[in-house]
Structure formats: structure tokens, C-alpha cells
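K.L.:
Please see the structure below; I have some questions.
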Amino acid sequence: METVSTERVLAVEVELDRLTKRFGATAAVYGLSLSVGRGEFCTLLGPSGCGKTTTLRIVAGLVEPDDGRVLFDGKDVTRLPPWDRNLGMVFQNYALWPHMTVFDNVAFGLVERRVPKAEVRRRVAEALDKVGLTGMEGRFPSQLSGGQQQRVALARALVVRPGLLLLDEPFSNLDAKLRVQMRAELARLQRDLGITTLYVTHDQEEALVLSDRIAVLDSGRLVQAGTPRELYENPRDVFVADFLGGANLLPGMVVRRGAAEVEVQAGEARVAAPVEGEAAPGQPVWLSVRPEHLELSVGDAGDLRGTVLATDYLGWTLQAEVALADGTRLQVRGLDPSTPLRPGQTVGLRVRSGRARVFPRRN
Ligand SMILES: Nc1ncnc2c1ncn2[C@@H]1O[C@H](COP(=O)(O)OP(=O)(O)OP(=O)(O)O)[C@@H](O)[C@H]1O
Ligand SMILES: [Mg+2]
């Protein structure tokens with residue numbers, strides 16, 4: 001029987017130690033190590049099929065890894081069944097029981113744990129209050145909107161006061177506006193409860209907004225982990241730069257090497273960029289420039305000259321696609337919506353000072 005505990009949960013510290021999981025010949029997860037601090041909101045981010053769900057299911061105990069360990073507070077839980085891991089889980093499809101009321105859906109985990117009836121009522125009421133569903137106890141899932149069903153799923157995960165919350169694309173079935181609203185509510189709840197959270201998404205904006213730390217996965221491997229700002233400002237490679245925030249990639253060559261900086265010639269443009277490690281003159285590199293780090297001017301002044309292919313008017317801002325003479329297409333974001341741009345127009349582009357990054361180019 002559980003004892004009555006305080007509002008804040010006993011958040012756990014999670015460590016994934018060189019996890020590998022194969023399905024036949026493909027490694028869904030390969031050599032993945034990651035630490036998630038107590039109370040931290042950590043997001044697994046990556047394209048479809050990169051191993052996010054598999055990793056989450058390993059942490060939950062629903063999938064056994066071929067190799068590696070899962071540690072909660074330093075204790076090896078790799079072989080523990082899910083019900084002994086003190087977890088709350090929310091999946092993409094909510095997985096509510098259609099024949100059970102909201103109350104019974106939320107109460108389920110407590111009843112299973114043989115919590116006394118009076119406390120079940122109190123805690124279900126508390127959980128429903130947290131997600132803004134007081135008064136809906138008697139409804140069935142079919143009588144709820146998508147957002148409300150999602151809230152029930154969240155209440156059901158939280159009611160057992162888990163030390164770890166696992167969320168797999170929990171808002172992907174919701175429309176854009178509701179997604180943003182639920183996202184804000186989740187962020188508030190997570191902060192209030194101080195619960196360690198491992199969140200899965202392929203939506204970069206969601207990852208940036210919610211996370212203390214983001215782990216970017218590619219083909220089952222961890223590419224880079226860091227704060228949203230670290231990843232956005234200093235992506236480790238072209239994959240991270242492009243996946244998180246988007247990047248225009250220009251093939252270039254190092255022409256001068258300074259202490260912490262290189263000068264790169266990319267087409268007509270000569271651009272300085274910070275660099276660590278090797279980069280000798282003559283070395284082929286990618287010059288990576290984010291769409292919002294290109295300054296556009298009508299006319300042909302700038303580092304690069306191009307022709308407008310298309311513009312997107314978004315009301316508060318304007319973005320454009322520009323083709324360089326060699327055919328390279330560049331995305332430009334964050335333009336003043338009153339900029340008089342039309343397809344076919346000649347424009348000049350300048351790379352904002354200090355904003356370009358270079359990555360090795362092997363071809
Ligand atoms: N039970 C399974 N049997 C065989 N292959 C699987 C199984 N589960 C996952 N895979 C494969 O493992 C890889 C990783 O799958 P996973 O579901 O972890 O990806 P994901 O990052 O969650 O993708 P998505 O964003 O599409 O949900 C994929 O290639 C997938 O086809
Ligand atoms: Mg998935």
C-alpha cells in the first residue's frame with residue numbers, strides 16, 4: 001500500500017548507458033548514452049525512424065535492449081518490468097479505455113496499487129484539477145474532445161506520482177492551436193511537480209520550447225545533446241544544423257585560418273566563421289547559414305547575388321527563396337513584410353556577422 005506523499009514527486013535521475021536494440025539486421029538504437037538529471041525536461045528529437053520510440057520503450061521496460069543498461073538513481077533497472085519502475089506514460093494515441101469513465105481511467109493505476117478508496121477519490125480529483133478537467137469525471141472518452149482525452153491521459157500518468165514521466169509525441173493528434181496550448185500546460189505542470197520528463201517529438205519547435213535539454217538522434221545514434229540554445233547556436237554537424245532550425249548549406253573552401261576562426265570562400269562570398277579543431281587552407285567545407293541570418297536587400301549589394309524564386313507572406317513576416325547564379329537555392333527568413341519583393345527580382349544577400357558556421361565536407 002502506498003503512503004500519502006507530498007505534492008512534489010520524488011523525481012529520479014535517469015542514465016542510459018550504451019543502449020543497443022536491433023530488429024533483425026537494423027539497429028533501431030545503437031550505443032546510445034544519455035543522462036537525464038533529476039527534474040529535468042529532456043527531449044529525444046529526430047526524424048521518423050531514428051529510434052525515439054524504441055528508446056522510450058526501453059526506458060519504460062516495454063522493450064528489452066540487446067546491450068547496455070538503464071539506471072534510475074544509479075540503480076540498474078534494465079530487467080525490471082514496467083510496473084516496478086514507478087513511471088507515468090503518455091502515448092500518441094492516448095490509449096484510454098473506451099468503456100471506462102474519465103474517473104475510472106484516471107483511477108486505474110491507483111486501484112491496481114490497492115490505494116484506499118477515499119484516497120483514490122482525492123487523488124483523482126487532484127489530478128483532474130491539475131489538467132483542468134474537474135466536472136468531467138462521469139464522461140466516457142467518446143464524449144470528450146481530442147484535447148480533453150489528451151488531458152485524461154496526462155492525469156492518468158500523473159496520478160500515481162511517478163518519478164519519471166515518459167511522453168511519446170503526446171500532442172501529435174491535436175490541431176496546431178490546441179497543441180500550443182497543451183504544450184504550455186505541460187510545461188507548467190512539469191515545473192510545478194518537478195518531475196523528470198523524457199519527451200519524444202520530431203517537432204523541432206516543440207523541442208526548443210519545452211526542453212531543458214535536447215538529444216538529437218539520427219539512425220539510432222545520439223548525434224548531440226545540449227540546451228536548446230547550445231544546439232541551435234553551435235550544432236555539431238550539418239544534420240543537427242539542418243534538423244534544428246534549418247540551414248542553407250554552401251560548398252566552400254577554407255582560404256585563411258586564424259586562431260579560432262576561418263575565412264571561407266563560398267562562391268562569390270568570403271565569410272568568417274568560428275572553428276575548433278582542424279581546418280587548413282584548401283580544405284573543403286560546408287558553409288552553413290540559417291535562413292534568418294541572411295540579410296536581403298533589393299539590388300545587388302552584398303556577399304551573394306541571386307534571383308527571387310518565390311516569396312511567402314505570413315502577415316507578421318516575409319520569407320523568400322533565392323536562387324544563386326550556379327543554381328543553389330537559399331531560404332531567407334525574418335524579412336520585413338513590407339519589403340517589395342517579387343519573383344524574378346535581383347537581390348543581394350549578406351551573411352550576418354558572426355552567424356555562419358563551417359562543417360567538414362567530404363566529397
Ligand atoms: N517491433 C519492431 N520490429 C521491427 N522493427 C522495428 C520495430 N520497432 C521499431 N522498428 C524499427 O526500428 C526503427 C526505429 O523505430 P522507432 O519507432 O523507434 O522510430 P521513431 O524515431 O519513434 O520514429 P517515428 O518518428 O516515426 O515515430 C525503425 O526503422 C523501425 O522500423
Ligand atoms: Mg515513434
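Within each chain, counting starts at residue 1; across the C-alpha cells, chains are named A, B, ... in the order shown, with ligands numbered 1 upward in that order.
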Write out, as a Markdown table, each residue of chain A that has an atom at most 9 Å from ligand 1, together with the closest pair of atoms and their distance in Å to one decimal, counting only C-alpha atoms and all ligand atoms, rows going by chain and rising number.
P.N.:
| residue | atom | partner | partner_atom_place_in_ligand_line | distance |
| --- | --- | --- | --- | --- |
| A:Lys21 | CA | ligand 1 | 12 (O) | 8.5 |
| A:Arg22 | CA | ligand 1 | 12 (O) | 7.6 |
| A:Phe23 | CA | ligand 1 | 4 (C) | 4.7 |
| A:Gly24 | CA | ligand 1 | 4 (C) | 7.0 |
| A:Thr26 | CA | ligand 1 | 29 (O) | 7.0 |
| A:Ala27 | CA | ligand 1 | 12 (O) | 6.9 |
| A:Ala28 | CA | ligand 1 | 12 (O) | 4.0 |
| A:Val29 | CA | ligand 1 | 14 (C) | 7.1 |
| A:Leu44 | CA | ligand 1 | 21 (O) | 8.6 |
| A:Leu45 | CA | ligand 1 | 21 (O) | 8.0 |
| A:Gly46 | CA | ligand 1 | 21 (O) | 6.4 |
| A:Pro47 | CA | ligand 1 | 25 (O) | 5.7 |
| A:Ser48 | CA | ligand 1 | 25 (O) | 3.4 |
| A:Gly49 | CA | ligand 1 | 19 (O) | 3.4 |
| A:Cys50 | CA | ligand 1 | 21 (O) | 3.9 |
| A:Gly51 | CA | ligand 1 | 18 (O) | 3.2 |
| A:Lys52 | CA | ligand 1 | 21 (O) | 3.8 |
| A:Thr53 | CA | ligand 1 | 22 (O) | 3.7 |
| A:Thr54 | CA | ligand 1 | 18 (O) | 3.7 |
| A:Thr55 | CA | ligand 1 | 18 (O) | 6.4 |
| A:Leu56 | CA | ligand 1 | 18 (O) | 8.0 |
| A:Arg57 | CA | ligand 1 | 18 (O) | 8.4 |
| A:Val63 | CA | ligand 1 | 1 (N) | 8.8 |
| A:Asp168 | CA | ligand 1 | 22 (O) | 8.1 |
| A:Glu169 | CA | ligand 1 | 27 (O) | 8.0 |
| A:Val200 | CA | ligand 1 | 22 (O) | 7.7 |
| A:Thr201 | CA | ligand 1 | 25 (O) | 7.0 |
| A:His202 | CA | ligand 1 | 25 (O) | 5.9 |
| A:Leu217 | CA | ligand 1 | 21 (O) | 8.1 |
| A:Asp218 | CA | ligand 1 | 21 (O) | 8.6 |
| A:Ser219 | CA | ligand 1 | 14 (C) | 7.7 |
| A:Gly220 | CA | ligand 1 | 14 (C) | 6.9 |
K.L.:
I'd like the contact shell of Ala320 (chain A) - 10 Å cut-off, only C-alpha atoms, skipping same-chain residues fewer than 5 positions apart - returned as a count of residues only.
P.N.:
17
K.L.:
Between CA of Phe41 (chain A) and CA of Leu110 (chain A), what is the distance, to one decimal in Å?
P.N.:
24.9 Å
K.L.:
Using only C-alpha atoms and all ligand atoms, pick whichever of A:Val289, A:Leu304, A:Val358, A:Leu167 has the shortest atom-to-atom distance to ligand 2.
P.N.:
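Among A:Val289, A:Leu304, A:Val358, A:Leu167, it is A:Leu167 that comes nearest to ligand 2.
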K.L.:
If you run DSSP on the backbone here, which positions in region 36-278 of chain A get helix (DSSP H, G or I)? Please write them as a VMD selection string.
P.N.:
chain A and resid 52 to 60 82 to 84 102 to 112 117 to 130 141 to 143 146 to 158 176 to 193 204 to 210 228 to 233 238 to 243
K.L.:
Here is a test: counting only C-alpha atoms and all ligand atoms, which residue of A:Ser172, A:Thr307, A:Asn105, A:Gln150 is nearest to ligand 2?
P.N.:
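Under the stated criterion, the closest residue is A:Ser172.
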K.L.:
Would you work out the distance separating CA of Gly348 (chain A) from CA of Glu292 (chain A), expressed in Å to one decimal?
P.N.:
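Atom-to-atom, CA of Gly348 (chain A) to CA of Glu292 (chain A), that is 14.6 Å.
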K.L.:
Please identify all polymer residues within 10 Å of Glu64 (chain A), counting only C-alpha atoms, omitting same-chain residues fewer than 4 positions from it, and present them as a PDB file with C-alpha atoms, in the first residue's frame.
P.N.:
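Final output, result.pdb:
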ATOM      1  CA  LEU A  19      21.881   1.065 -25.253  1.00  0.00           C
ATOM      2  CA  THR A  20      21.588  -1.021 -28.391  1.00  0.00           C
ATOM      3  CA  LYS A  21      18.445  -2.599 -29.788  1.00  0.00           C
ATOM      4  CA  THR A  54      12.287   2.403 -29.177  1.00  0.00           C
ATOM      5  CA  THR A  55      14.488   4.308 -26.720  1.00  0.00           C
ATOM      6  CA  ARG A  57      10.087   1.880 -24.659  1.00  0.00           C
ATOM      7  CA  ILE A  58      13.429   0.604 -23.376  1.00  0.00           C
ATOM      8  CA  VAL A  59      13.299   3.177 -20.559  1.00  0.00           C
ATOM      9  CA  ALA A  60       9.712   2.096 -19.827  1.00  0.00           C
ATOM     10  CA  GLY A  68      23.508  -1.589 -22.423  1.00  0.00           C
ATOM     11  CA  ARG A  69      21.785  -0.581 -19.216  1.00  0.00           C
ATOM     12  CA  THR A  78      17.239  -2.865 -17.173  1.00  0.00           C
ATOM     13  CA  ARG A  79      15.491  -6.135 -16.271  1.00  0.00           C
ATOM     14  CA  LEU A  80      12.706  -4.655 -14.129  1.00  0.00           C
ATOM     15  CA  PRO A  81       9.165  -4.926 -15.541  1.00  0.00           C
TER      16      PRO A  81
END
K.L.:
Given only C-alpha atoms as the basis, pick out the residue of A:Gly299, A:Pro170, A:Pro235, A:Gly61 nearest to Gly146 (chain A).
P.N.:
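The closest residue to Gly146 (chain A) is A:Pro170.
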